[in-house]
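File shown here: work_25.tsv, holding TSV, C-alpha atoms and all ligand atoms.
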chain	number	residue	atom	x	y	z
A	118	PRO	CA	69.82	65.99	76.03
A	119	PRO	CA	73.62	66.05	76.00
A	120	LEU	CA	75.10	66.30	72.52
A	121	ASN	CA	78.09	64.39	71.29
A	122	LEU	CA	81.15	66.32	70.10
A	123	GLU	CA	80.18	66.20	66.45
A	124	GLN	CA	76.69	67.56	67.16
A	125	MET	CA	78.13	70.27	69.35
A	126	ILE	CA	80.54	71.47	66.67
A	127	TYR	CA	77.75	71.33	64.10
A	128	GLU	CA	75.64	73.57	66.32
A	129	GLN	CA	78.51	76.03	66.93
A	130	ASN	CA	79.26	76.29	63.22
A	131	THR	CA	75.62	76.79	62.30
A	132	ASN	CA	75.30	79.60	64.86
A	133	LEU	CA	78.45	81.20	63.54
A	134	GLN	CA	77.26	80.87	59.96
A	135	VAL	CA	73.99	82.67	60.73
A	136	PHE	CA	75.83	85.39	62.64
A	137	ALA	CA	78.49	85.79	59.92
A	138	ARG	CA	75.80	86.25	57.25
A	139	GLU	CA	74.31	89.11	59.25
A	140	ILE	CA	77.68	90.77	59.87
A	141	ILE	CA	78.63	90.45	56.19
A	142	ALA	CA	75.35	92.08	55.16
A	143	THR	CA	75.95	94.92	57.66
A	144	ALA	CA	79.60	95.33	56.62
A	145	THR	CA	78.99	95.46	52.86
A	146	PRO	CA	78.96	99.08	51.65
A	147	THR	CA	75.73	100.23	50.00
A	148	PRO	CA	75.72	101.06	46.28
A	149	GLU	CA	75.29	104.73	47.29
A	150	GLU	CA	78.45	104.61	49.38
A	151	LEU	CA	80.42	102.97	46.56
A	152	ALA	CA	79.15	105.57	44.11
A	153	ALA	CA	80.22	108.33	46.51
A	154	GLN	CA	83.71	106.80	46.78
A	155	ASN	CA	83.99	106.85	43.00
A	156	GLN	CA	82.88	110.49	42.94
A	157	HIS	CA	85.53	111.31	45.54
A	158	LEU	CA	88.14	109.52	43.46
A	159	LYS	CA	87.21	111.59	40.41
A	160	LYS	CA	87.55	114.81	42.38
A	161	CYS	CA	90.97	113.76	43.77
A	162	ARG	CA	92.06	112.85	40.24
A	163	ALA	CA	91.19	116.28	38.94
A	164	ILE	CA	93.12	117.98	41.75
A	165	CYS	CA	96.18	115.75	41.20
A	166	ARG	CA	96.14	116.50	37.49
A	167	ARG	CA	96.49	120.22	38.19
A	168	ILE	CA	99.75	119.66	40.09
A	169	CYS	CA	101.06	116.68	38.17
A	170	PRO	CA	99.53	116.57	34.66
A	171	GLU	CA	101.74	113.68	33.56
A	172	GLY	CA	100.77	111.55	36.57
A	173	GLU	CA	97.77	109.30	37.06
A	174	LEU	CA	95.90	108.57	40.26
A	175	VAL	CA	95.24	104.81	40.28
A	176	PRO	CA	93.00	103.25	42.93
A	177	PHE	CA	94.06	100.06	44.70
A	178	GLY	CA	93.24	98.33	47.99
A	179	SER	CA	89.78	97.36	49.17
A	180	LEU	CA	87.76	99.46	46.74
A	181	VAL	CA	89.33	97.47	43.89
A	182	THR	CA	89.48	94.03	45.53
A	183	GLY	CA	85.86	94.21	46.65
A	184	PHE	CA	87.07	93.78	50.26
A	185	ALA	CA	85.77	97.21	51.28
A	186	ILE	CA	83.59	97.33	54.33
A	187	THR	CA	81.42	100.30	55.03
A	188	LYS	CA	83.45	103.46	55.80
A	189	SER	CA	86.62	102.00	54.31
A	190	ASP	CA	89.44	104.30	53.31
A	191	LEU	CA	90.20	104.89	49.68
A	192	ASP	CA	93.72	103.84	48.68
A	193	ALA	CA	95.26	105.33	45.57
A	194	VAL	CA	98.70	105.72	44.12
A	195	LEU	CA	100.02	108.54	41.99
A	196	THR	CA	102.01	106.97	39.19
A	197	SER	CA	104.07	108.90	36.71
A	198	PRO	CA	105.70	107.99	33.42
A	199	TYR	CA	108.74	109.88	34.76
A	200	PRO	CA	109.44	108.39	38.17
A	201	GLU	CA	113.00	109.70	38.17
A	202	ASP	CA	111.81	113.25	37.64
A	203	LEU	CA	109.33	113.01	40.43
A	204	PHE	CA	111.68	111.69	43.06
A	205	SER	CA	115.17	112.08	41.72
A	206	THR	CA	116.38	112.05	45.32
A	207	PRO	CA	113.91	110.30	47.59
A	208	ASN	CA	115.14	112.08	50.71
A	209	LYS	CA	113.99	115.38	49.25
A	210	ILE	CA	110.35	114.37	49.51
A	211	ASP	CA	109.84	116.40	52.68
A	212	GLU	CA	111.30	119.55	51.16
A	213	SER	CA	108.75	122.29	50.77
A	214	ASN	CA	108.61	122.31	46.97
A	215	SER	CA	108.43	118.54	46.45
A	216	LEU	CA	105.51	117.04	44.59
A	217	PRO	CA	103.90	115.51	47.72
A	218	GLN	CA	104.18	118.86	49.53
A	219	ASN	CA	102.70	120.74	46.60
A	220	LEU	CA	99.86	118.27	46.35
A	221	ALA	CA	99.17	118.58	50.07
A	222	LYS	CA	98.89	122.37	49.67
A	223	GLU	CA	96.59	122.08	46.67
A	224	PHE	CA	94.25	119.70	48.52
A	225	GLN	CA	94.24	122.01	51.54
A	226	SER	CA	93.23	124.92	49.33
A	227	GLU	CA	90.29	122.78	48.19
A	228	GLY	CA	89.09	122.35	51.76
A	229	PHE	CA	90.64	118.94	52.42
A	230	GLU	CA	92.49	118.05	55.55
A	231	ALA	CA	95.87	116.92	54.21
A	232	THR	CA	98.74	115.36	56.16
A	233	LEU	CA	101.97	114.04	54.73
A	234	LEU	CA	103.31	110.91	56.46
A	235	LEU	CA	107.01	110.43	55.91
A	236	LYS	CA	107.86	107.86	58.56
A	237	THR	CA	105.94	105.14	56.73
A	238	ARG	CA	107.55	102.64	54.37
A	239	VAL	CA	106.48	104.72	51.39
A	240	PRO	CA	105.47	108.39	51.76
A	241	ILE	CA	101.71	108.76	52.12
A	242	LEU	CA	99.48	111.78	51.72
A	243	LYS	CA	96.49	111.36	54.02
A	244	LEU	CA	93.38	113.23	52.94
A	245	ALA	CA	90.11	113.75	54.73
A	246	LEU	CA	86.97	115.56	53.68
A	247	LYS	CA	83.80	115.85	55.73
A	248	ALA	CA	80.46	115.05	54.16
A	249	THR	CA	78.85	118.05	52.45
A	250	ASP	CA	75.69	118.79	50.47
A	251	GLU	CA	77.55	117.50	47.46
A	252	SER	CA	78.26	114.12	49.04
A	253	SER	CA	76.74	112.71	52.19
A	254	PHE	CA	79.75	110.45	52.81
A	255	ASP	CA	83.05	111.39	54.47
A	256	LEU	CA	86.16	110.78	52.45
A	257	ASN	CA	89.36	109.32	53.85
A	258	CYS	CA	91.96	108.74	51.22
A	259	ASP	CA	95.60	107.62	51.33
A	260	ILE	CA	97.67	108.63	48.33
A	261	GLY	CA	100.97	106.83	47.81
A	262	PHE	CA	103.69	107.62	45.29
A	263	ASN	CA	105.17	105.27	42.72
A	264	ASN	CA	104.05	102.18	44.59
A	265	ASP	CA	103.29	99.88	41.68
A	266	LEU	CA	103.54	96.79	43.82
A	267	GLY	CA	100.41	97.83	45.69
A	268	VAL	CA	98.56	97.86	42.38
A	269	HIS	CA	99.91	94.39	41.48
A	270	ASN	CA	99.16	92.76	44.81
A	271	THR	CA	95.69	94.29	44.79
A	272	ARG	CA	95.01	92.58	41.45
A	273	MET	CA	96.21	89.27	42.81
A	274	LEU	CA	93.92	89.56	45.84
A	275	GLN	CA	91.09	90.38	43.46
A	276	THR	CA	91.93	87.25	41.44
A	277	TYR	CA	91.88	85.10	44.61
A	278	SER	CA	88.53	86.62	45.46
A	279	ARG	CA	87.17	85.67	42.03
A	280	CYS	CA	88.22	82.05	42.60
A	281	ASP	CA	85.67	81.54	45.38
A	282	PRO	CA	82.96	83.73	46.95
A	283	ARG	CA	83.95	82.54	50.43
A	284	VAL	CA	87.21	84.53	50.20
A	285	ARG	CA	85.38	87.85	50.22
A	286	GLU	CA	82.91	86.70	52.87
A	287	MET	CA	85.68	85.65	55.23
A	288	VAL	CA	87.59	88.87	54.60
A	289	LEU	CA	84.57	91.06	55.32
A	290	PHE	CA	83.80	89.22	58.54
A	291	ILE	CA	87.40	89.22	59.78
A	292	LYS	CA	87.91	92.89	58.91
A	293	TRP	CA	84.72	93.79	60.76
A	294	TRP	CA	85.74	91.69	63.77
A	295	ALA	CA	89.31	93.06	63.79
A	296	LYS	CA	88.12	96.67	63.53
A	297	ARG	CA	85.56	96.30	66.29
A	298	ARG	CA	88.11	94.58	68.54
A	299	HIS	CA	90.71	97.29	67.81
A	300	ILE	CA	93.37	94.99	66.42
A	301	ASN	CA	93.43	96.55	62.93
A	302	SER	CA	95.55	99.69	63.46
A	303	PRO	CA	98.98	99.41	61.82
A	304	TYR	CA	99.83	102.91	63.06
A	305	ARG	CA	99.11	101.81	66.61
A	306	GLY	CA	100.94	98.52	66.92
A	307	THR	CA	98.59	95.99	65.34
A	308	LEU	CA	98.01	94.56	61.85
A	309	SER	CA	96.79	96.12	58.58
A	310	SER	CA	93.75	94.76	56.76
A	311	TYR	CA	96.17	93.57	54.09
A	312	GLY	CA	97.86	91.41	56.74
A	313	TYR	CA	94.55	89.82	57.75
A	314	VAL	CA	93.77	89.11	54.10
A	315	LEU	CA	97.11	87.29	53.70
A	316	MET	CA	96.36	85.28	56.87
A	317	ILE	CA	93.03	84.23	55.33
A	318	ILE	CA	94.55	83.32	51.95
A	319	HIS	CA	97.23	81.20	53.62
A	320	PHE	CA	94.51	79.42	55.58
A	321	LEU	CA	92.39	78.77	52.48
A	322	ILE	CA	95.34	77.46	50.42
A	323	ASN	CA	97.37	75.52	52.96
A	324	VAL	CA	95.41	74.78	56.11
A	325	VAL	CA	91.84	73.85	55.36
A	326	ASP	CA	91.35	70.39	53.91
A	327	PRO	CA	90.45	70.04	51.08
A	328	PRO	CA	91.85	73.46	50.10
A	329	VAL	CA	89.47	76.21	49.00
A	330	LEU	CA	92.14	78.00	46.94
A	331	ILE	CA	95.01	76.99	44.68
A	332	ASN	CA	98.33	78.80	45.09
A	333	LEU	CA	98.30	81.14	42.07
A	334	GLN	CA	102.00	81.97	42.40
A	335	ASN	CA	103.16	78.39	42.61
A	336	THR	CA	101.94	77.10	39.23
A	337	PRO	CA	104.25	76.78	36.18
A	338	ILE	CA	104.69	80.01	34.19
A	339	PRO	CA	103.48	79.51	30.57
A	340	GLU	CA	106.19	80.05	27.97
A	341	ASP	CA	104.40	82.84	26.11
A	342	VAL	CA	104.34	85.25	29.05
A	343	PRO	CA	106.42	88.39	28.26
A	344	PRO	CA	109.24	89.11	30.74
A	345	ASP	CA	107.75	92.41	31.95
A	346	GLN	CA	104.74	90.46	33.25
A	347	ILE	CA	107.01	88.16	35.24
A	348	PHE	CA	109.33	90.66	36.88
A	349	ASP	CA	108.87	94.23	37.97
A	350	GLU	CA	111.57	96.70	38.87
A	351	GLY	CA	110.08	97.82	42.19
A	352	GLY	CA	111.27	100.39	44.70
A	353	GLU	CA	113.83	98.08	46.27
A	354	GLY	CA	114.98	95.85	43.42
A	355	GLU	CA	113.41	93.31	41.14
A	356	HIS	CA	110.32	91.35	42.14
A	357	GLN	CA	108.57	88.39	40.58
A	358	ILE	CA	105.04	89.61	40.01
A	359	TRP	CA	103.72	86.74	37.94
A	360	TYR	CA	100.72	84.70	39.11
A	361	ALA	CA	98.11	82.60	37.31
A	362	LYS	CA	95.25	84.76	36.03
A	363	ASP	CA	93.36	82.29	33.85
A	364	ILE	CA	91.33	81.01	36.76
A	365	GLU	CA	88.63	79.51	34.51
A	366	ASN	CA	91.13	76.80	33.53
A	367	LEU	CA	92.11	75.89	37.09
A	368	PRO	CA	90.59	72.85	38.80
A	369	LYS	CA	87.57	73.63	40.99
A	370	THR	CA	87.75	73.17	44.74
A	371	ALA	CA	86.30	70.06	46.39
A	372	ASN	CA	85.74	71.97	49.62
A	373	GLN	CA	82.07	72.34	50.54
A	374	MET	CA	82.42	73.96	53.95
A	375	HIS	CA	80.27	76.98	54.72
A	376	VAL	CA	81.73	80.23	56.02
A	377	GLY	CA	80.75	79.40	59.62
A	378	GLN	CA	82.85	76.23	59.50
A	379	LEU	CA	85.73	78.01	57.80
A	380	LEU	CA	85.76	80.90	60.29
A	381	HIS	CA	85.67	78.54	63.26
A	382	SER	CA	88.60	76.60	61.88
A	383	PHE	CA	90.43	79.84	61.00
A	384	PHE	CA	90.16	81.10	64.59
A	385	GLU	CA	91.32	77.72	65.89
A	386	TYR	CA	94.30	77.52	63.56
A	387	TYR	CA	95.70	80.90	64.64
A	388	SER	CA	94.88	80.19	68.30
A	389	TYR	CA	96.42	76.75	68.68
A	390	LYS	CA	98.30	75.58	65.60
A	391	PHE	CA	100.18	78.48	64.05
A	392	GLN	CA	103.52	79.07	65.80
A	393	TRP	CA	103.62	82.85	66.17
A	394	GLY	CA	107.11	82.84	67.63
A	395	ARG	CA	108.70	80.60	65.03
A	396	GLU	CA	106.77	80.67	61.75
A	397	VAL	CA	106.51	83.07	58.81
A	398	ILE	CA	103.36	83.09	56.64
A	399	SER	CA	104.36	83.06	52.96
A	400	ILE	CA	101.43	82.62	50.58
A	401	ARG	CA	103.69	82.38	47.49
A	402	THR	CA	105.48	79.31	48.93
A	403	GLN	CA	104.43	75.66	48.70
A	404	GLY	CA	102.97	74.84	52.11
A	405	GLY	CA	102.75	78.51	53.03
A	406	ILE	CA	105.19	78.47	55.94
A	407	PHE	CA	108.85	79.35	56.44
A	408	SER	CA	110.68	79.45	59.74
A	409	LYS	CA	111.89	82.83	60.95
A	410	GLN	CA	115.35	81.26	61.17
A	411	GLU	CA	115.32	80.25	57.48
A	412	LYS	CA	114.20	83.72	56.50
A	413	GLY	CA	116.70	85.45	58.80
A	414	TRP	CA	113.82	87.32	60.39
A	415	VAL	CA	114.87	87.11	63.99
A	416	ALA	CA	116.14	90.24	65.74
A	417	ALA	CA	114.51	93.63	65.15
A	418	VAL	CA	116.60	96.01	63.05
A	419	ILE	CA	116.50	99.76	62.66
A	420	ARG	CA	117.10	101.16	59.19
A	421	PRO	CA	116.90	104.64	57.71
A	422	GLY	CA	113.62	105.57	56.05
A	423	ARG	CA	113.32	107.24	52.65
A	424	SER	CA	113.78	110.70	54.00
A	425	GLY	CA	117.25	110.42	55.54
A	426	HIS	CA	116.49	111.33	59.13
A	427	THR	CA	113.47	109.12	59.70
A	428	GLN	CA	113.99	105.63	61.06
A	429	ILE	CA	112.00	102.50	60.48
A	430	LYS	CA	111.97	99.67	62.94
A	431	ASP	CA	111.67	96.28	61.31
A	432	ARG	CA	110.12	94.01	63.89
A	433	TYR	CA	109.79	90.28	63.49
A	434	LEU	CA	107.34	89.43	66.24
A	435	PHE	CA	104.54	88.52	63.85
A	436	THR	CA	105.83	87.67	60.39
A	437	ILE	CA	103.91	87.66	57.12
A	438	GLU	CA	105.99	87.79	53.96
A	439	ASP	CA	104.67	90.12	51.27
A	440	PRO	CA	103.86	87.91	48.23
A	441	PHE	CA	105.81	90.17	45.82
A	442	GLU	CA	108.16	92.27	47.91
A	443	THR	CA	109.52	89.28	49.77
A	444	SER	CA	111.90	91.27	51.96
A	445	HIS	CA	108.92	93.10	53.44
A	446	ASN	CA	107.28	91.82	56.60
A	447	VAL	CA	103.61	92.88	56.46
A	448	GLY	CA	103.43	92.16	60.22
A	449	ARG	CA	106.22	94.64	60.92
A	450	THR	CA	103.71	97.12	62.36
A	451	CYS	CA	102.91	94.79	65.27
A	452	ASN	CA	104.63	95.71	68.54
A	453	PRO	CA	104.79	93.41	71.59
A	454	PRO	CA	101.49	94.47	73.21
A	455	GLY	CA	99.89	94.48	69.73
A	456	VAL	CA	100.82	90.86	69.02
A	457	ASP	CA	99.67	89.81	72.47
A	458	ARG	CA	96.32	91.47	71.92
A	459	ILE	CA	95.86	89.90	68.48
A	460	ARG	CA	96.66	86.43	69.83
A	461	ALA	CA	94.36	86.93	72.80
A	462	GLU	CA	91.55	88.00	70.45
A	463	PHE	CA	91.85	84.79	68.42
A	464	LYS	CA	91.58	82.70	71.59
A	465	ARG	CA	88.71	84.80	72.86
A	466	ALA	CA	86.87	84.21	69.57
A	467	VAL	CA	87.30	80.42	69.88
A	468	SER	CA	86.02	80.35	73.43
A	469	ILE	CA	82.99	82.46	72.54
A	470	ILE	CA	82.17	80.27	69.53
A	471	ARG	CA	82.44	77.14	71.69
A	472	PHE	CA	80.21	78.45	74.48
A	473	ARG	CA	76.92	76.56	74.52
A	474	ASP	CA	74.01	78.93	74.87
A	475	GLY	CA	72.47	78.68	71.41
A	476	GLY	CA	74.82	81.32	70.07
A	477	LYS	CA	73.48	84.05	72.36
A	478	SER	CA	76.82	85.17	73.78
A	479	MET	CA	78.36	84.96	70.32
A	480	ARG	CA	76.06	87.61	68.90
A	481	GLU	CA	76.64	89.80	71.93
A	482	LEU	CA	80.35	89.38	72.44
A	483	LEU	CA	82.27	88.21	69.38
A	484	CYS	CA	82.35	91.55	67.55
A	485	GLN	CA	81.59	93.73	70.56
A	486	GLU	CA	83.22	97.17	70.33
B	1	LIG	N1	99.54	97.24	51.06
B	1	LIG	C1	100.83	96.80	50.86
B	1	LIG	N2	101.66	96.56	51.92
B	1	LIG	C2	101.21	96.75	53.19
B	1	LIG	C3	99.90	97.19	53.43
B	1	LIG	C4	99.08	97.43	52.33
B	1	LIG	O1	101.23	96.61	49.71
B	1	LIG	N3	102.03	96.50	54.22
B	1	LIG	C5	98.68	97.52	49.90
B	1	LIG	C6	97.95	96.32	49.35
B	1	LIG	O2	97.88	96.45	47.95
B	1	LIG	C7	96.56	96.45	49.90
B	1	LIG	C8	96.40	97.96	49.96
B	1	LIG	O3	97.70	98.44	50.27
B	1	LIG	O4	95.59	95.87	49.04
B	1	LIG	C9	95.44	98.43	50.99
B	1	LIG	O5	95.81	97.97	52.26
B	1	LIG	P1	94.84	98.09	53.49
B	1	LIG	O6	94.33	99.48	53.60
B	1	LIG	O7	95.54	97.46	54.64
B	1	LIG	O8	93.70	97.10	53.07
B	1	LIG	P2	92.24	97.37	52.60
B	1	LIG	O9	91.75	96.06	52.03
B	1	LIG	O10	92.20	98.55	51.71
B	1	LIG	O11	91.49	97.59	53.96
B	1	LIG	P3	90.76	98.84	54.65
B	1	LIG	O12	89.34	98.72	54.20
B	1	LIG	O13	90.94	98.58	56.11
B	1	LIG	O14	91.43	100.09	54.17
B	2	MG	MG	92.52	100.53	52.53
Produce structure tokens that represent the structure in this file.
Ligand code: CTP
Ligand code: MG
Amino acid sequence: PPLNLEQMIYEQNTNLQVFAREIIATATPTPEELAAQNQHLKKCRAICRRICPEGELVPFGSLVTGFAITKSDLDAVLTSPYPEDLFSTPNKIDESNSLPQNLAKEFQSEGFEATLLLKTRVPILKLALKATDESSFDLNCDIGFNNDLGVHNTRMLQTYSRCDPRVREMVLFIKWWAKRRHINSPYRGTLSSYGYVLMIIHFLINVVDPPVLINLQNTPIPEDVPPDQIFDEGGEGEHQIWYAKDIENLPKTANQMHVGQLLHSFFEYYSYKFQWGREVISIRTQGGIFSKQEKGWVAAVIRPGRSGHTQIKDRYLFTIEDPFETSHNVGRTCNPPGVDRIRAEFKRAVSIIRFRDGGKSMRELLCQE
């Protein structure tokens, strides 16, 4: 019998919910894998300490937020109590006796594959280690230098995740989908996982009705908060890093939607409602949206990178404002074909979810490699 619209959507969402549960279970790393990542981290710490005894290797990113899917990279940052000593002149980082170079050599002598990336926003040491008898899991680790903001924004994402279990579920599903559809490669013209997480948080605060999340950066700052917890002297000036952390005292959400409903609506929003050409996602802002005009994010600019001769192209095709470093466009990595592919993937997802065959094509196609 023909279904009315409401019944049809109900059926689509239920199919998606069942499918999402399976994907989330597949995507979640096993306890063994997480334990191996922690072992790897310990080993990297010990090696870093040999070269930089005053520094500390601090993990951030998905291993800390709980947004790791199986085979995720490990993100860590080497912090030092003496940042000026480490990088007195940032454009000397690629000189052969700089700390990153020395670290790279030390890791290589320990059997790691080590590559120093200098064209990125912050220098990154990329490490890889194949599984051995000691650990049956490969290691892929990115080490950054003096990037405290990454540690702060990781903690805020973790706080959002603690507010509602659906945050993590949506993130795991979307990361899995984006990886399988090859639209999660910031080095190759598409968007980082961090960018997808910000898209999800914007959706859960500002789009879905009633909201699943409260804007943690847009609540009044209590008077007893010390100034160093409000502002941070980051790499490129001062940043407000305060956000509400006492989530037990925040009002609970009235939203009862399941993850299938939320994902369907998420795909629809970015397919048909969000104005990719005109709008900037800004999760710290009331309403979550700026216009590119207001933000002055219109024409691409080329600026020098940290090491003098490298150049960074700031593109504004897809714009997501970093919640702390507000001059940074997290979508900067997206080039024209990359944005087109991302947008096409959102529309493809909607059409697959809407196709009426009991969810058969959805399981086959939605996350097809
Ligand atoms: N980050 C950032 N600015 C970016 C990209 C990333 O500050 N433009 C920081 C964020 O703190 C983020 C962390 O780097 O939490 C890791 O980013 P990413 O690797 O994209 O996200 P993960 O959740 O670690 O995803 P994956 O499992 O794909 O590594
Ligand atoms: Mg990562």
Open item on the list: Could you list the protein, DNA and RNA residues that have any atom within 6 Å of ligand LIG 1 (chain B), counting only C-alpha atoms and all ligand atoms, and write them as a ChimeraX atom specification?
Closed with: /A:178-179,184-186,189-190,267-268,270-271,309-311,447
Task: Distance of CA of Leu367 in chain A from CA of Ser278 in chain A, expressed in Å to one decimal place - done: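 Value for the CA of Ser278 in chain A-CA of Leu367 in chain A distance: 14.1 Å.
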Open item on the list: Residues within 12 Å of Gln346 in chain A, please, as a PyMOL selection string. Count all atoms listed in the file; anything in the same chain fewer than 2 positions from it doesn't count.
Closed with: chain A and resi 269+338-344+348-350+356-362
Task: Coordinates-based distance that separates CA of Ile141 in chain A from CA of Phe290 in chain A (Å, one decimal) - done: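 Separation of CA of Phe290 in chain A and CA of Ile141 in chain A: 5.8 Å.
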TODO: May I ask for the distance between CA of Thr182 in chain A and CA of Leu274 in chain A, given in Å to one decimal place?
DONE: 6.3 Å
Open item on the list: I'd like the contact shell of Leu256 in chain A - 8 Å cut-off, all atoms listed in the file, skipping same-chain residues fewer than 2 positions apart - returned as an MDAnalysis selection string.
Closed with: chainID A and resid 154 157 190:191 244:248 254 258
TODO: Write out as a list in words the residues lying within 10 Å of Leu333 in chain A, counting all atoms listed in the file and excluding same-chain residues fewer than 2 positions away.
DONE: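 Counting only the stated atoms, we get Met273, Thr276, Tyr277, Ile322, Leu330, Ile331, Asn335, Thr336, Pro337, Trp359, Tyr360, Ala361, Lys362, Asp363, Ile364, Leu367, Ile400 and Arg401 of chain A.
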- [ ] Check the smallest atom-to-atom distance from each of A:Asp259, A:Glu365, A:Glu128, A:Glu150 to ligand MG 2 (chain B) using all atoms listed in the file, then report the winner.
- [x] A:Asp259
Open item on the list: Can you pull out the residues contacting Asn155 in chain A? Cut-off 12 Å, using all atoms listed in the file, and skip same-chain residues under 2 positions away; I want them as number ranges by chain.
Closed with: A: 148-153, 157-162, 175-176, 180-181, 190-193, 252, 254, 256, 258
Open item on the list: Report as an NGL selection string all protein, DNA and RNA residues lying within 12 Å of Gln373 in chain A, evaluated on only C-alpha atoms, omitting residues in the same chain fewer than 4 positions from it.
Closed with: :A and (281-283 or 325-329 or 369 or 377-379)
Task: Residue nearest ligand MG 2 (chain B) among A:Ile260, A:Val415, A:Ile437, A:Cys169 (counting all atoms listed in the file) - done: A:Ile260
- [ ] Rank nothing, just name the residue among A:Leu233, A:Val194, A:Leu483, A:Leu220 nearest to ligand MG 2 (chain B), using only C-alpha atoms and all ligand atoms.
- [x]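 Looking at the shortest contact to ligand MG 2 (chain B), the residue is A:Val194.
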Open item on the list: Around (102.5, 79.2, 57.8), as given in the file, which residues come within 9 Å? Count only C-alpha atoms and list them as a PyMOL selection string.
Closed with: chain A and resi 316+319-320+323-324+391-392+396-400+404-408+437
Open item on the list: Under the rule that all atoms listed in the file are counted, which of A:Ser388, A:Thr370, A:Gln124, A:Ser478 is the nearest residue to Phe463 in chain A?
Closed with: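 Closest to Phe463 in chain A, using all atoms listed in the file: A:Ser388.
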Test item: axis-aligned box, all listed atoms of range 331-334 of chain A, 6 Å on each side, centre and edges in Å rounded to one decimal, as JSON:
{"center_x": 98.5, "center_y": 79.5, "center_z": 43.6, "size_x": 19.0, "size_y": 17.0, "size_z": 15.0}
Task: Which of A:Trp414, A:Asn263, A:Arg471, A:Thr232 sits closest to Leu122 in chain A [using all atoms listed in the file] - done: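 Closest candidate: A:Arg471.
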Can you give me N, CA and C atoms for range 304-315 of chain A, written as a PDB file, in the coordinates of the input?
ATOM      1  N   TYR A 304      99.119 101.761  62.484  1.00  0.00           N
ATOM      2  CA  TYR A 304      99.830 102.910  63.060  1.00  0.00           C
ATOM      3  C   TYR A 304      99.890 102.839  64.575  1.00  0.00           C
ATOM      4  N   ARG A 305      99.105 101.923  65.151  1.00  0.00           N
ATOM      5  CA  ARG A 305      99.110 101.810  66.610  1.00  0.00           C
ATOM      6  C   ARG A 305      99.453 100.405  67.108  1.00  0.00           C
ATOM      7  N   GLY A 306     100.363  99.756  66.376  1.00  0.00           N
ATOM      8  CA  GLY A 306     100.940  98.520  66.920  1.00  0.00           C
ATOM      9  C   GLY A 306     100.254  97.219  66.568  1.00  0.00           C
ATOM     10  N   THR A 307      99.193  97.266  65.743  1.00  0.00           N
ATOM     11  CA  THR A 307      98.590  95.990  65.340  1.00  0.00           C
ATOM     12  C   THR A 307      98.685  95.824  63.815  1.00  0.00           C
ATOM     13  N   LEU A 308      97.807  95.015  63.224  1.00  0.00           N
ATOM     14  CA  LEU A 308      98.010  94.560  61.850  1.00  0.00           C
ATOM     15  C   LEU A 308      97.092  95.274  60.858  1.00  0.00           C
ATOM     16  N   SER A 309      97.609  95.519  59.629  1.00  0.00           N
ATOM     17  CA  SER A 309      96.790  96.120  58.580  1.00  0.00           C
ATOM     18  C   SER A 309      95.749  95.117  58.068  1.00  0.00           C
ATOM     19  N   SER A 310      94.741  95.639  57.401  1.00  0.00           N
ATOM     20  CA  SER A 310      93.750  94.760  56.760  1.00  0.00           C
ATOM     21  C   SER A 310      94.444  93.825  55.777  1.00  0.00           C
ATOM     22  N   TYR A 311      95.410  94.365  55.061  1.00  0.00           N
ATOM     23  CA  TYR A 311      96.170  93.570  54.090  1.00  0.00           C
ATOM     24  C   TYR A 311      96.779  92.336  54.778  1.00  0.00           C
ATOM     25  N   GLY A 312      97.312  92.531  55.972  1.00  0.00           N
ATOM     26  CA  GLY A 312      97.860  91.410  56.740  1.00  0.00           C
ATOM     27  C   GLY A 312      96.803  90.360  57.053  1.00  0.00           C
ATOM     28  N   TYR A 313      95.624  90.790  57.465  1.00  0.00           N
ATOM     29  CA  TYR A 313      94.550  89.820  57.750  1.00  0.00           C
ATOM     30  C   TYR A 313      94.144  89.063  56.484  1.00  0.00           C
ATOM     31  N   VAL A 314      94.131  89.775  55.353  1.00  0.00           N
ATOM     32  CA  VAL A 314      93.770  89.110  54.100  1.00  0.00           C
ATOM     33  C   VAL A 314      94.797  88.015  53.773  1.00  0.00           C
ATOM     34  N   LEU A 315      96.078  88.306  53.974  1.00  0.00           N
ATOM     35  CA  LEU A 315      97.110  87.290  53.700  1.00  0.00           C
ATOM     36  C   LEU A 315      96.969  86.108  54.659  1.00  0.00           C
TER      37      LEU A 315
END
